[in-house]
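Chemist: Mind looking over this structure? Questions follow.
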Amino acid sequence: MTPTVTSFEGALLLLLVSFFLGVLYSYEVRKISARLQYRRGPWLLVPKSLRKTLGTTRLLQPLYDILKLLYKESIIPETARTRLFKTAPLVALTCLGAAAILTPLAGYSPFASFELSLVAVLYLLLGVPLAFVLGGAVSSSPWGVVGSQREAELVLAYETPFIIGVFTVAVMADTLSIQSIVAAQISRYPYLLLNPFSAAAVFLAIVGKLHLKPFDIPEAEVEVVAGPMTEYSGRLLGLIEIGKVLLISISVSLFIDLFLAGGMIPRLGYPLVALIFILEGFLVVSLITLVHTLNPRFRIDQAFRWYLKVPTLLSALGLVWAYSLRYLHTAILWG
Amino acid sequence: MRLSLKKKARVYSPWIFHAHAGGCNNCDIELAACFAPRFDLERMGVQLRNNPRHADIFLVTGPAPKQIAPILKRVYEQVPNPKVVVACGSCAMTGGVYNRDDGKPNYALGGPVERLIPVDVLIPGCPPKPESIIEGVLLALEKLREKNS
Amino acid sequence: MVSSEDMLAGLRERLGPDLTSESKDPKNTFTINTRKERVREVARYLIGEVQGRLIQVSVIDRGLDGYEVVYHYSLDHLEKNLHINVKVLLPADEPEVESVSLEAPESSWSEREMMEFTPVRFINHPDPRHLWLPHEWPNPVESEKYNPVERNGVLTTPATYSKNSEASLIPLGPYHPLLIEGAYFRVKFDGEEITDADVKLGWNHRGIMKLFESRSYTRGAFLAERVCGICNVTHTTAYLNAVESLSGIEIPDRARYIRTLMAELERVHSHLLWLGVAGDLIGFKTLFMLSWKVREQVLDVFESVTGSRRAPAMNLIGGVRKDVSSENIKKTERRLGGMRREVERLVDIAYNHPVVRKRLQDIGRLNLATAKNAGAVGPTARASGWKLDTRSSSPYAAYEYATWDVVTDGGGDAWARTIVRLKEILVSIDISTQCLEALNHRGGPISIEPVDPKDFKLSEALGKAEAPRGELVYYIVSDGTNIPHSVRIRTPSFRNNALIPNLLKGHTLADAPIIVGSIDPCYSCTDRTVIVQDSRRDTIWKTALIDLASVRSR
Amino acid sequence: MVDGLAKLTKELLRGMLKPVTVNYPAERLPDEFTLSLEEIRGKHRFDEDKCVGCGACNVVCSSGAITVSDSQDQRVLKVEVARCIFCGRCRDICPEKGLELTSEFELSQTGSRGGDCVKVEQKISMRRCEGCGRPTFPTKQIDSVKTRVLDKIDPSSKETASRDLEVYVKYCLDCRRTRSYAFNIHPRKSY
């Protein structure tokens with residue numbers, strides 16, 4: 001039913017589509033958070049009289065930001081260790097690229113069918129914040145150092161609920177490959193209904209992973225100018241922005257694969273499934289934006305305490321619930 | 001006229017860094033009002049960044065007192081090329097109301113901004129209304145388009 | 001409470017022969033001359049026993065017969081508008097006087113300011129460093145040497161002030177997103193906790209008081225307006241209170257109401273602006289957008305009544321320049337009603353939001369003792385339970401006629417300061433609606449002819465007003481000509497900024513922005529001091545400026 | 001605890017429905033935002049025939065933006081918009097209402113020096129002094145002053161005053177001082 005093209009073009013296509021989805025998602029974050037705050041946000045349609053100078057639409061505003069940064073000159077402080085400083089964004093990008101290839105998008109994924117793909121994606125996603133920590137620590141600015149300390153603390157905070165929540169899904173589907181998790185959900189019910197606790201825990205962890213408002217502590221623009229990214233400019237900053245766009249698209253499609261059956265309604269044809277996947281993506285992103293607009297920023301210790309209280313409890317509850325499901329009413333899980 | 005992709009990206013996502021060089025902070029709050037809901041500058045993709053490294057448009061307000069003049073120059077250095085300098089308010093352009101009447105230089109001021117860094121766009125007004133600041137930013141976009149470095 | 005007569009009697013019997021002259025002016029301000037040795041005793045008495053406040057120490061250059069140090073004591077908790085100016089005349093060749101900052105710690109910054117800009121020395125002052133002028137003053141600041149435009153010029157050593165600092169010293173430097181304007185806090189850390197903070201100002205120093213000494217009284221009003229961009233109506237009101245009490249004129253009632261209306265609308269706009277900025281400091285962008293949306297309507301009222309959004313330029317000597325037409329009043333009343341509902345909704349949101357409360361509570365605590373000791377003013381003092389408000393203690397414009405009460409809160413932390421400011425917005429809207437009703441059915445002129453400076457009734461006057469950030473003091477000395485002899489300004493942020501170093505101690509870097517923000521500092525107010533130049537000898541006094549060539553023409 | 005978030009969500013959804021943004025370059029600020037647009041103090045405009053070139057605006061300008069320069073037979077009043085703080089004092093003080101502030105406040109322009117910002121100029125022809133040929137006063141100012149002085153004087157001595165004024169105005173200050181005994185304008189002829 002799904003075209004299994006296990007070749008290099010398939011992976012490249014998946015990477016480009018995932019990047020393009022990421023651009024749309026981050027545009028949606030900026031647009032909805034603006035509309036919620038009584039203002040208009042980046043234009044969907046530029047008024048007629050300005051079209052000549054300001055273009056027709058700003059739907060791809062994040063893409064323009066990235067392109068502008070790629071063409072800009074990059075200043076590297078003398079006192080920073082330039083080689084490490086330059087390679088940190090590249091490390092982040094390679095991790096994200098590999099993770100993008102491994103997460104199935106609307107059921108299509110050339111490589112995700114091998115057994116341990118879930119563990120591989122988790123490891124790769126963990127590499128991104130570590131690369132930013134490296135970049136910040138190496139850049140000689142005090143803000144970089146403070147920023148990467150906070151980044152490291154935040155990673156510890158949101159990784160525990162994230163990993164417990166994701167492995168609860170693996171327990172329920174009794175497999176570690178994302179493709180078969182999606183297949184398991186298609187045959188029975190999406191895991192969001194069966195196990196809402198770990199879904200909530202993973203959702204809150206994703207808000208932390210994307211550094212959105214309640215948890216944008218490493219890049220708190222008022223306290224630590226831009227955290228690890230303070231000294232980056234021009235092309236290197238462009239690479240980091242590409243990383244951010246990819247990160248939001250991978251996290252959202254991972255969440256959909258694990259909890260919403262990858263958007264695969266059994267009896268529908270291929271193009272419709274892709275449409276449903278994108279709609280579910282926009283729905284999840286709008287929920288994330290609502291959380292982003294509603295809250296001020298936590299302090300790092302408050303964030304740490306909060307993560308250990310609410311999401312970790314939720315994911316633990318989800319784990320217990322999953323085991324009870326598995327041994328008591330196996331019918332629901334495997335039918 | 002068809003813009004090359006490089007120029008189009010540069011014009012469609014100008015990031016502003018606001019450098020406060022003295023002055024009575026009236027222009028600064030009018031600039032902040034440009035990002036408030038009524039005159040929302042984010043419609044045009046403009047973002048107010050607090051880091052000179054991430055900026056394209058370097059917007060200066062205030063008559064640059066002597067103590068902040070060297071810091072203003074060093075921060076101007078941090079902005080990567082291509083960059084455009086906008087002098088916002090009468091103080092930044094000519095020292096405005098803080099000039100002495102007998103033409104002698106004011107002991108405290110390191111001179112209007114044009115004496116310290118090359119200026120591209122001027123926005124008169126004390127304080128200039130948000131509309132004229134937005135018009136100044138649009139002029140700065142055209143200047144960005146012409147810069148070819 | 002001690003009444004003003006027996007307070008004066010106490011002073012007379014303490015000083016005895018040293019009380020050389022005493023005078024009283026119609027505005028209930030006493031002037032006393034004593035010898036310089038008795039200065040600390042007077043301070044001990046007036047502040048210790050009478051619980052007065054030393055609001056400003058200013059130095060006036062009397063040319064041939066030396067420098068006159070004036071200690072302004074405000075005792076307006078005893079009687080309305082009661083002030084005492086204690087004057088000490090110092091010989092020109094060795095102008096030294098004992099520093100009173102041990103008895104009145106709040107005067108340490110005033111003395112530092114006067115020490116920096118005038119040849120007067122205050123002996124054993126705890127911290128006599130430069131606060132406004134750059135540290136390498138008077139030799140020219142590094143800006144002349146360094147030419148930025150050629151790209152790969154050698155970067156000269158930056159003019160920072162933390163050359164020998166360990167790694168744990170972070171400069172919240174002149175350009176930091178935490179402050180809209182330039183200020184410099186050198187903050188020492190161990191781990192995430194702040195152990196010590198030092199402040200250096202002067203990044204915004206435009207020498208405004210020196211400019212005042214070359215402008216006529218009417219033109220000075222527009223310079224006073226540009227001392228601070230947020231509270232410019234209050235600055236003109238304070239300046240004109242001083243000039244009008246100098247010339248002994250009383251402005252008509254309609255002008256009083258219009259001035260009060262302007263001042264209160266400006267307080268609403270300033271507090272809403274502060275709410276937005278504070279929201280931004282704790283990362284709450286939505287609160288910034290909501291409160292600045294409501295603030296736009298106050299600016300519309302300003303634009304329709306005065307013709308300009310931000311710098312209304314309404315007040316002039318003798319009253320007000322433009323009248324508020326009756327249909328304008330009706331529109332403004334309707335708009336104020338709508339705004340009141342929106343502000344109440346906003347206050348509701350800011351008050352009950354759980355995370356805002358968690359981020360603001362018991363941060364930057366200022367108890368009543370340190371507030372009184374350090375001389376905090378305005379909402380910062382009122383949030384620590386000190387009922388201190390110039391509008392009620394020495395009323396000006398139409399504040400006696402309006403009925404309102406001073407808002408105080410016992411908390412003392414950033415949360416209490418937020419509540420005080422939120423309540424003050426509602427109180428200010430009430431006062432403006434009362435003013436509008438009074439304007440509606442009370443005609444009369446809006447200004448009277450200013451008096452020629454030749455026949456001013458007094459030779460010096462103290463003008464006070466309540467800025468959104470606290471008590472604002474103008475002290476003008478006139479010498480009969482059209483140009484003031486000297487103008488001294490003491491702005492509220494000048495007092496509140498002195499609190500920041502010891503408020504920051506013990507908190508983390510994440511709290512630093514909101515602690516500094518909760519004081520609502522306005523650095524353009526703080527940096528406006530004067531250069532007094534020794535007119536007798538043409539050589540420049542060693543602390544004054546080398547490149548200042550213009551002798552102030554008498 | 002939760003009702004705080006609930007109130008905020010209600011407020012945000014209300015914000016979703018009616019954004020307050022004005023698409024500035026495309027559409028202007030609608031009238032119900034600013035109650036009266038003609039009150040706004042914008043760029044200056046000299047009224048050709050009303051302005052007599054007396055220079056009162058230069059005296060009263062609070063930021064010294066208006067400069068008066070007298071060349072051979074022409075007085076140039078120059079308003080440097082770059083230095084002006086738009087307080088409107090010059091408009092209020094002008095005796096002939098010759099200078100008014102238009103409501104055009106969008107004046108931003110490209111340029112590298114504060115000096116080359118837009119300037120508003122007014123040229124008035126000056127009257128030459130018959131004694132030394134140096135410029136004395138603008139002709140229009142002389143006429144307006146003459147009319148003002150004459151209608152204040154009681155009609156009996158109006159024509160002697162106007163004759164004196166004619167003589168008085170012909171010379172500049174220095175020539176008048178040197179010639180003051182020659183044409184004896186003082187009526188007291190006793191000594």
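FYI, nothing fancy with the structure tokens labels: chains A, B, ... in order, residues from 1 per chain, ligands from 1 as they appear.
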Provide as a PyMOL selection string the residues of chain C at most 6 Å from chain A, counting only C-alpha atoms.
Modeler: chain C and resi 177-178+283-284+286+510
Chemist: Could you list the residues in chain B lying within 8 Å of chain D, using only C-alpha atoms, and format the result as number ranges by chain?
Modeler: B: 37-40, 90-91, 93-99, 101, 114, 118-129, 131-133, 135-136, 139-140
Chemist: Taking N, CA, C and O atoms for each residue, export the selection above as a short mmCIF file (atom, residue, chain, number, x, y, z; two decimals), in the first residue's frame.
Modeler:
```
data_model
loop_
_atom_site.label_atom_id
_atom_site.label_comp_id
_atom_site.auth_asym_id
_atom_site.auth_seq_id
_atom_site.Cartn_x
_atom_site.Cartn_y
_atom_site.Cartn_z
N PRO B 37 0.87 45.46 19.63
CA PRO B 37 -0.16 44.97 18.70
C PRO B 37 -0.60 45.98 17.65
O PRO B 37 -0.85 45.58 16.51
N ARG B 38 -0.64 47.29 17.93
CA ARG B 38 -1.26 48.15 16.91
C ARG B 38 -0.35 48.30 15.69
O ARG B 38 -0.79 48.18 14.56
N PHE B 39 0.94 48.61 15.91
CA PHE B 39 1.84 48.76 14.73
C PHE B 39 2.75 47.54 14.71
O PHE B 39 3.94 47.66 15.03
N ASP B 40 2.24 46.38 14.42
CA ASP B 40 3.05 45.17 14.59
C ASP B 40 4.06 45.07 13.45
O ASP B 40 3.68 44.92 12.30
N SER B 90 15.64 63.17 16.58
CA SER B 90 16.49 64.35 16.32
C SER B 90 17.81 64.23 17.07
O SER B 90 18.84 64.70 16.59
N CYS B 91 17.81 63.60 18.27
CA CYS B 91 19.08 63.54 19.03
C CYS B 91 20.13 62.78 18.24
O CYS B 91 21.29 63.19 18.16
N MET B 93 20.39 62.40 15.14
CA MET B 93 20.84 63.04 13.88
C MET B 93 21.72 64.24 14.18
O MET B 93 22.80 64.40 13.62
N THR B 94 21.27 65.12 15.09
CA THR B 94 22.07 66.35 15.27
C THR B 94 22.22 66.68 16.75
O THR B 94 22.63 67.78 17.07
N GLY B 95 21.84 65.81 17.66
CA GLY B 95 21.97 66.17 19.07
C GLY B 95 20.75 66.89 19.59
O GLY B 95 20.63 67.14 20.78
N GLY B 96 19.82 67.27 18.69
CA GLY B 96 18.50 67.79 19.05
C GLY B 96 18.56 68.84 20.15
O GLY B 96 19.32 69.80 20.08
N VAL B 97 17.76 68.62 21.19
CA VAL B 97 17.55 69.66 22.20
C VAL B 97 18.76 69.76 23.12
O VAL B 97 18.88 70.70 23.90
N TYR B 98 19.70 68.78 23.02
CA TYR B 98 20.85 68.83 23.95
C TYR B 98 22.01 69.62 23.37
O TYR B 98 23.10 69.59 23.91
N ASN B 99 21.80 70.29 22.24
CA ASN B 99 22.91 71.14 21.70
C ASN B 99 22.90 72.48 22.41
O ASN B 99 21.83 72.99 22.76
N ASP B 101 23.13 76.52 22.66
CA ASP B 101 22.63 77.54 21.70
C ASP B 101 23.82 78.27 21.08
O ASP B 101 23.74 78.72 19.96
N GLU B 114 26.34 60.45 13.54
CA GLU B 114 27.05 60.35 12.25
C GLU B 114 28.55 60.58 12.46
O GLU B 114 29.37 60.21 11.65
N PRO B 118 29.07 55.43 10.29
CA PRO B 118 28.41 55.90 9.06
C PRO B 118 26.91 55.60 9.12
O PRO B 118 26.52 54.47 9.43
N VAL B 119 26.08 56.63 8.81
CA VAL B 119 24.62 56.49 8.95
C VAL B 119 24.01 56.34 7.56
O VAL B 119 24.52 56.91 6.60
N ASP B 120 22.92 55.54 7.45
CA ASP B 120 22.30 55.38 6.13
C ASP B 120 20.91 55.99 6.07
O ASP B 120 20.53 56.55 5.05
N VAL B 121 20.11 55.87 7.15
CA VAL B 121 18.72 56.35 7.09
C VAL B 121 18.52 57.30 8.27
O VAL B 121 19.03 57.07 9.37
N LEU B 122 17.79 58.39 8.03
CA LEU B 122 17.54 59.37 9.10
C LEU B 122 16.04 59.41 9.37
O LEU B 122 15.24 59.42 8.42
N ILE B 123 15.65 59.40 10.65
CA ILE B 123 14.23 59.51 11.00
C ILE B 123 14.07 60.72 11.91
O ILE B 123 14.43 60.65 13.09
N PRO B 124 13.62 61.88 11.37
CA PRO B 124 13.43 63.04 12.25
C PRO B 124 12.22 62.85 13.15
O PRO B 124 11.40 61.95 12.93
N GLY B 125 12.13 63.67 14.18
CA GLY B 125 10.98 63.59 15.09
C GLY B 125 11.49 63.50 16.51
O GLY B 125 12.59 63.01 16.75
N CYS B 126 10.69 64.02 17.44
CA CYS B 126 11.19 63.96 18.83
C CYS B 126 10.02 63.68 19.74
O CYS B 126 9.47 64.60 20.29
N PRO B 127 9.58 62.48 19.99
CA PRO B 127 10.06 61.26 19.33
C PRO B 127 9.33 61.04 18.01
O PRO B 127 8.20 61.48 17.86
N PRO B 128 9.97 60.35 17.06
CA PRO B 128 9.27 60.05 15.81
C PRO B 128 8.12 59.09 16.10
O PRO B 128 8.24 58.18 16.93
N LYS B 129 6.97 59.31 15.46
CA LYS B 129 5.83 58.43 15.72
C LYS B 129 6.13 57.04 15.14
O LYS B 129 6.95 56.91 14.23
N GLU B 131 4.65 55.35 13.12
CA GLU B 131 4.50 55.25 11.65
C GLU B 131 5.79 55.70 10.96
O GLU B 131 6.28 55.05 10.04
N SER B 132 6.40 56.82 11.45
CA SER B 132 7.60 57.26 10.72
C SER B 132 8.75 56.30 10.98
O SER B 132 9.63 56.14 10.12
N ILE B 133 8.76 55.62 12.14
CA ILE B 133 9.84 54.62 12.36
C ILE B 133 9.66 53.48 11.38
O ILE B 133 10.63 53.00 10.76
N GLU B 135 8.26 53.67 8.48
CA GLU B 135 8.68 54.14 7.14
C GLU B 135 10.20 54.13 7.05
O GLU B 135 10.79 53.75 6.03
N GLY B 136 10.88 54.52 8.17
CA GLY B 136 12.35 54.49 8.16
C GLY B 136 12.86 53.07 7.94
O GLY B 136 13.80 52.83 7.16
N LEU B 139 12.64 52.22 4.38
CA LEU B 139 13.76 52.82 3.61
C LEU B 139 15.03 52.00 3.84
O LEU B 139 15.81 51.76 2.92
N ALA B 140 15.22 51.54 5.08
CA ALA B 140 16.43 50.74 5.36
C ALA B 140 16.40 49.46 4.54
O ALA B 140 17.46 48.98 4.09
#
```
Chemist: Please measure the separation of atom CA of Leu44 of chain A and atom CA of Gly45 of chain B, giving the value in Å to one decimal.
Modeler: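 Spanning atom CA of Leu44 of chain A to atom CA of Gly45 of chain B is a straight-line distance of 11.2 Å.
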Chemist: Pick out the chain B residues within 10 Å of chain A. Count only C-alpha atoms. Give them as number ranges by chain.
Modeler: B: 1-3, 5-15, 35-46, 49-56, 77-83, 138, 141-142, 149
Chemist: Include C-alpha atoms and write out the residues we just selected as an mmCIF file, in the first residue's frame.
Modeler:
```cif
data_model
loop_
_atom_site.group_PDB
_atom_site.id
_atom_site.type_symbol
_atom_site.label_atom_id
_atom_site.label_comp_id
_atom_site.auth_asym_id
_atom_site.auth_seq_id
_atom_site.Cartn_x
_atom_site.Cartn_y
_atom_site.Cartn_z
ATOM 1 C CA MET B 1 12.114 44.057 -10.888
ATOM 2 C CA ARG B 2 12.957 40.440 -10.165
ATOM 3 C CA LEU B 3 15.033 40.175 -7.003
ATOM 4 C CA LEU B 5 16.970 34.952 -4.118
ATOM 5 C CA LYS B 6 19.872 36.368 -2.042
ATOM 6 C CA LYS B 7 18.514 39.916 -2.149
ATOM 7 C CA LYS B 8 14.920 38.745 -1.640
ATOM 8 C CA ALA B 9 15.833 36.841 1.531
ATOM 9 C CA ARG B 10 17.782 39.850 2.776
ATOM 10 C CA VAL B 11 14.855 42.219 2.266
ATOM 11 C CA TYR B 12 12.169 39.855 3.573
ATOM 12 C CA SER B 13 13.735 39.109 6.968
ATOM 13 C CA PRO B 14 15.511 42.217 8.379
ATOM 14 C CA TRP B 15 16.458 41.766 12.045
ATOM 15 C CA PHE B 35 6.278 45.829 17.979
ATOM 16 C CA ALA B 36 3.139 46.263 20.088
ATOM 17 C CA PRO B 37 -0.163 44.973 18.701
ATOM 18 C CA ARG B 38 -1.258 48.149 16.909
ATOM 19 C CA PHE B 39 1.839 48.756 14.731
ATOM 20 C CA ASP B 40 3.052 45.172 14.594
ATOM 21 C CA LEU B 41 6.369 45.118 12.679
ATOM 22 C CA GLU B 42 6.499 41.328 12.702
ATOM 23 C CA ARG B 43 4.076 41.436 9.762
ATOM 24 C CA MET B 44 7.057 42.232 7.540
ATOM 25 C CA GLY B 45 9.247 39.562 9.101
ATOM 26 C CA VAL B 46 11.089 42.123 11.238
ATOM 27 C CA ARG B 49 16.980 40.977 18.374
ATOM 28 C CA ASN B 50 19.022 41.826 21.427
ATOM 29 C CA ASN B 51 22.310 40.553 20.017
ATOM 30 C CA PRO B 52 24.325 42.662 17.534
ATOM 31 C CA ARG B 53 25.668 39.427 16.045
ATOM 32 C CA HIS B 54 22.203 38.460 14.788
ATOM 33 C CA ALA B 55 21.273 41.910 13.416
ATOM 34 C CA ASP B 56 20.938 43.473 9.935
ATOM 35 C CA GLU B 77 31.723 46.441 14.800
ATOM 36 C CA GLN B 78 29.952 43.299 15.983
ATOM 37 C CA VAL B 79 27.147 43.570 13.430
ATOM 38 C CA PRO B 80 28.086 41.343 10.455
ATOM 39 C CA ASN B 81 27.899 42.794 6.951
ATOM 40 C CA PRO B 82 25.690 43.703 5.058
ATOM 41 C CA LYS B 83 24.378 46.126 7.666
ATOM 42 C CA LEU B 138 11.171 50.358 4.922
ATOM 43 C CA LEU B 141 15.117 47.704 3.452
ATOM 44 C CA GLU B 142 15.793 49.474 0.169
ATOM 45 C CA SER B 149 28.724 42.778 0.015
#
```
Chemist: If the cut-off is 10 Å, can you tell me the residues of chain D near chain A, counting only C-alpha atoms? I'd like them as number ranges by chain.
Modeler: D: 5-6, 8-9, 11-23, 25-27
Chemist: If you take only C-alpha atoms and a cut-off of 9 Å, which residues of chain B touch chain C, and what are their nearest atom pairs and distances in Å to one decimal, in chain and number order, as a Markdown table?
Modeler:
```
| residue | atom | partner | partner_atom | distance |
| --- | --- | --- | --- | --- |
| B:His18 | CA | C:Ile180 | CA | 9.0 |
| B:Ala19 | CA | C:Tyr175 | CA | 7.3 |
| B:His20 | CA | C:Glu181 | CA | 5.7 |
| B:Ala21 | CA | C:Asn204 | CA | 7.1 |
| B:Gly22 | CA | C:Asn204 | CA | 4.1 |
| B:Gly23 | CA | C:Asn204 | CA | 6.5 |
| B:Cys24 | CA | C:Gly229 | CA | 4.7 |
| B:Asn25 | CA | C:Gly229 | CA | 5.2 |
| B:Asn26 | CA | C:Gly229 | CA | 4.2 |
| B:Cys27 | CA | C:Gly229 | CA | 7.9 |
| B:Asp28 | CA | C:Ile180 | CA | 7.2 |
| B:Ile29 | CA | C:Ile230 | CA | 8.2 |
| B:Glu30 | CA | C:Arg310 | CA | 8.4 |
| B:Ala33 | CA | C:Trp292 | CA | 7.4 |
| B:Phe35 | CA | C:Met289 | CA | 8.4 |
| B:Ala36 | CA | C:Met289 | CA | 5.6 |
| B:Pro37 | CA | C:Lys293 | CA | 5.9 |
| B:Arg38 | CA | C:Lys293 | CA | 6.8 |
| B:Arg49 | CA | C:Pro177 | CA | 8.9 |
| B:Asn50 | CA | C:Pro177 | CA | 5.6 |
| B:Asn51 | CA | C:Pro177 | CA | 8.2 |
| B:Gly62 | CA | C:Asn204 | CA | 8.7 |
| B:Pro63 | CA | C:Arg206 | CA | 8.2 |
| B:Ala64 | CA | C:Asn204 | CA | 7.9 |
| B:Pro65 | CA | C:His205 | CA | 6.1 |
| B:Lys66 | CA | C:Val141 | CA | 6.8 |
| B:Gln67 | CA | C:Trp203 | CA | 5.6 |
| B:Ile68 | CA | C:Trp203 | CA | 5.3 |
| B:Ala69 | CA | C:Ser143 | CA | 5.9 |
| B:Pro70 | CA | C:Ser143 | CA | 4.6 |
| B:Ile71 | CA | C:Ala159 | CA | 7.4 |
| B:Leu72 | CA | C:Tyr175 | CA | 8.8 |
| B:Lys73 | CA | C:Pro148 | CA | 6.0 |
| B:Arg74 | CA | C:Pro148 | CA | 7.2 |
| B:Val75 | CA | C:Tyr175 | CA | 8.4 |
| B:Tyr76 | CA | C:Pro148 | CA | 8.1 |
| B:Glu77 | CA | C:Pro148 | CA | 6.9 |
| B:Val97 | CA | C:Leu223 | CA | 6.9 |
| B:Tyr98 | CA | C:Arg206 | CA | 7.0 |
| B:Asn99 | CA | C:Leu211 | CA | 8.2 |
| B:Arg100 | CA | C:Leu211 | CA | 6.7 |
| B:Asp101 | CA | C:Ser214 | CA | 7.8 |
| B:Lys104 | CA | C:Ser550 | CA | 8.1 |
| B:Asn106 | CA | C:Gly207 | CA | 7.6 |
| B:Tyr107 | CA | C:Leu548 | CA | 6.3 |
| B:Ala108 | CA | C:Arg206 | CA | 5.2 |
| B:Leu109 | CA | C:Arg206 | CA | 6.2 |
| B:Gly110 | CA | C:Ser143 | CA | 7.9 |
| B:Leu116 | CA | C:Pro148 | CA | 8.0 |
| B:Ile117 | CA | C:Val149 | CA | 7.1 |
| B:Pro118 | CA | C:Val149 | CA | 7.9 |
| B:Cys126 | CA | C:Ala311 | CA | 7.6 |
| B:Pro127 | CA | C:Arg310 | CA | 7.0 |
| B:Lys129 | CA | C:Arg309 | CA | 7.6 |
```
Chemist: What are the DSSP strand (DSSP E) residues of segment 9-115 of chain D, as a PyMOL selection string?
Modeler: chain D and resi 44-46+66-70+74-80+99-101+109-110
Chemist: What does the structure give for the distance between atom CA of His329 of chain A and atom CA of Arg188 of chain A, in Å to one decimal?
Modeler: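 We find that atom CA of His329 of chain A and atom CA of Arg188 of chain A lie 13.1 Å from each other.
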Chemist: Could you list, as an MDAnalysis selection string, every residue within 9 Å of Val243 of chain C, counting only C-alpha atoms and ignoring same-chain residues fewer than 5 positions away?
Modeler: chainID C and resid 217 238 248 317 460:463 476
Chemist: With N, CA and C atoms retained, write the just-selected residues as a JSON list (two decimals), in the first residue's frame.
Modeler:
```
[["chain", "number", "residue", "atom", "x", "y", "z"],
["C", 217, "TYR", "N", 13.82, 80.78, 31.22],
["C", 217, "TYR", "CA", 12.88, 79.95, 31.99],
["C", 217, "TYR", "C", 11.87, 79.27, 31.07],
["C", 238, "ALA", "N", 7.00, 69.68, 37.80],
["C", 238, "ALA", "CA", 7.89, 69.99, 38.94],
["C", 238, "ALA", "C", 8.69, 71.26, 38.64],
["C", 248, "GLY", "N", 6.04, 83.68, 42.42],
["C", 248, "GLY", "CA", 4.94, 84.00, 43.32],
["C", 248, "GLY", "C", 3.60, 84.10, 42.63],
["C", 317, "ILE", "N", 4.91, 78.27, 31.70],
["C", 317, "ILE", "CA", 4.84, 79.11, 32.92],
["C", 317, "ILE", "C", 3.49, 79.82, 32.96],
["C", 460, "GLU", "N", 15.23, 81.69, 45.45],
["C", 460, "GLU", "CA", 15.43, 80.25, 45.17],
["C", 460, "GLU", "C", 14.14, 79.55, 45.55],
["C", 461, "ALA", "N", 13.88, 78.40, 44.96],
["C", 461, "ALA", "CA", 12.61, 77.71, 45.23],
["C", 461, "ALA", "C", 12.78, 76.22, 44.99],
["C", 462, "LEU", "N", 11.95, 75.44, 45.71],
["C", 462, "LEU", "CA", 11.97, 73.99, 45.62],
["C", 462, "LEU", "C", 10.66, 73.57, 44.97],
["C", 463, "GLY", "N", 10.72, 72.86, 43.81],
["C", 463, "GLY", "CA", 9.49, 72.41, 43.15],
["C", 463, "GLY", "C", 9.41, 70.90, 43.21],
["C", 476, "ILE", "N", 15.62, 75.46, 42.08],
["C", 476, "ILE", "CA", 16.09, 76.48, 41.12],
["C", 476, "ILE", "C", 16.54, 77.71, 41.91]]
```
Chemist: Chain C near chain D within 7 Å: what's each residue's closest atom pair and its distance in Å to one decimal, counting only C-alpha atoms, ordered by chain then ascending residue number, as a Markdown table?
Modeler:
```
| residue | atom | partner | partner_atom | distance |
| --- | --- | --- | --- | --- |
| C:Arg219 | CA | D:Ser62 | CA | 5.1 |
| C:Phe222 | CA | D:Ser62 | CA | 6.5 |
| C:Asp300 | CA | D:Thr34 | CA | 5.7 |
| C:Glu303 | CA | D:Thr34 | CA | 6.9 |
| C:Ser304 | CA | D:Leu35 | CA | 5.3 |
| C:Gly307 | CA | D:Ile40 | CA | 4.5 |
| C:Ser308 | CA | D:Ile40 | CA | 5.8 |
| C:Ala313 | CA | D:Cys87 | CA | 6.0 |
| C:Ile349 | CA | D:Leu8 | CA | 5.9 |
| C:Asn352 | CA | D:Gly4 | CA | 4.6 |
| C:His353 | CA | D:Gly4 | CA | 4.6 |
| C:Pro354 | CA | D:Met1 | CA | 5.7 |
```
Chemist: Within 9 Å of Val199 of chain C, counting only C-alpha atoms, which residues qualify if same-chain residues fewer than 6 places away don't, as a ChimeraX atom specification?
Modeler: /C:131,183-187,497-498,500-501
Chemist: Check the DSSP output for the backbone and give back, as number ranges by chain, the residues of chain B in helix (DSSP H, G or I).
Modeler: B: 5-12, 26-34, 41-44, 52-54, 69-78, 90-94, 96-98, 113-116, 130-146
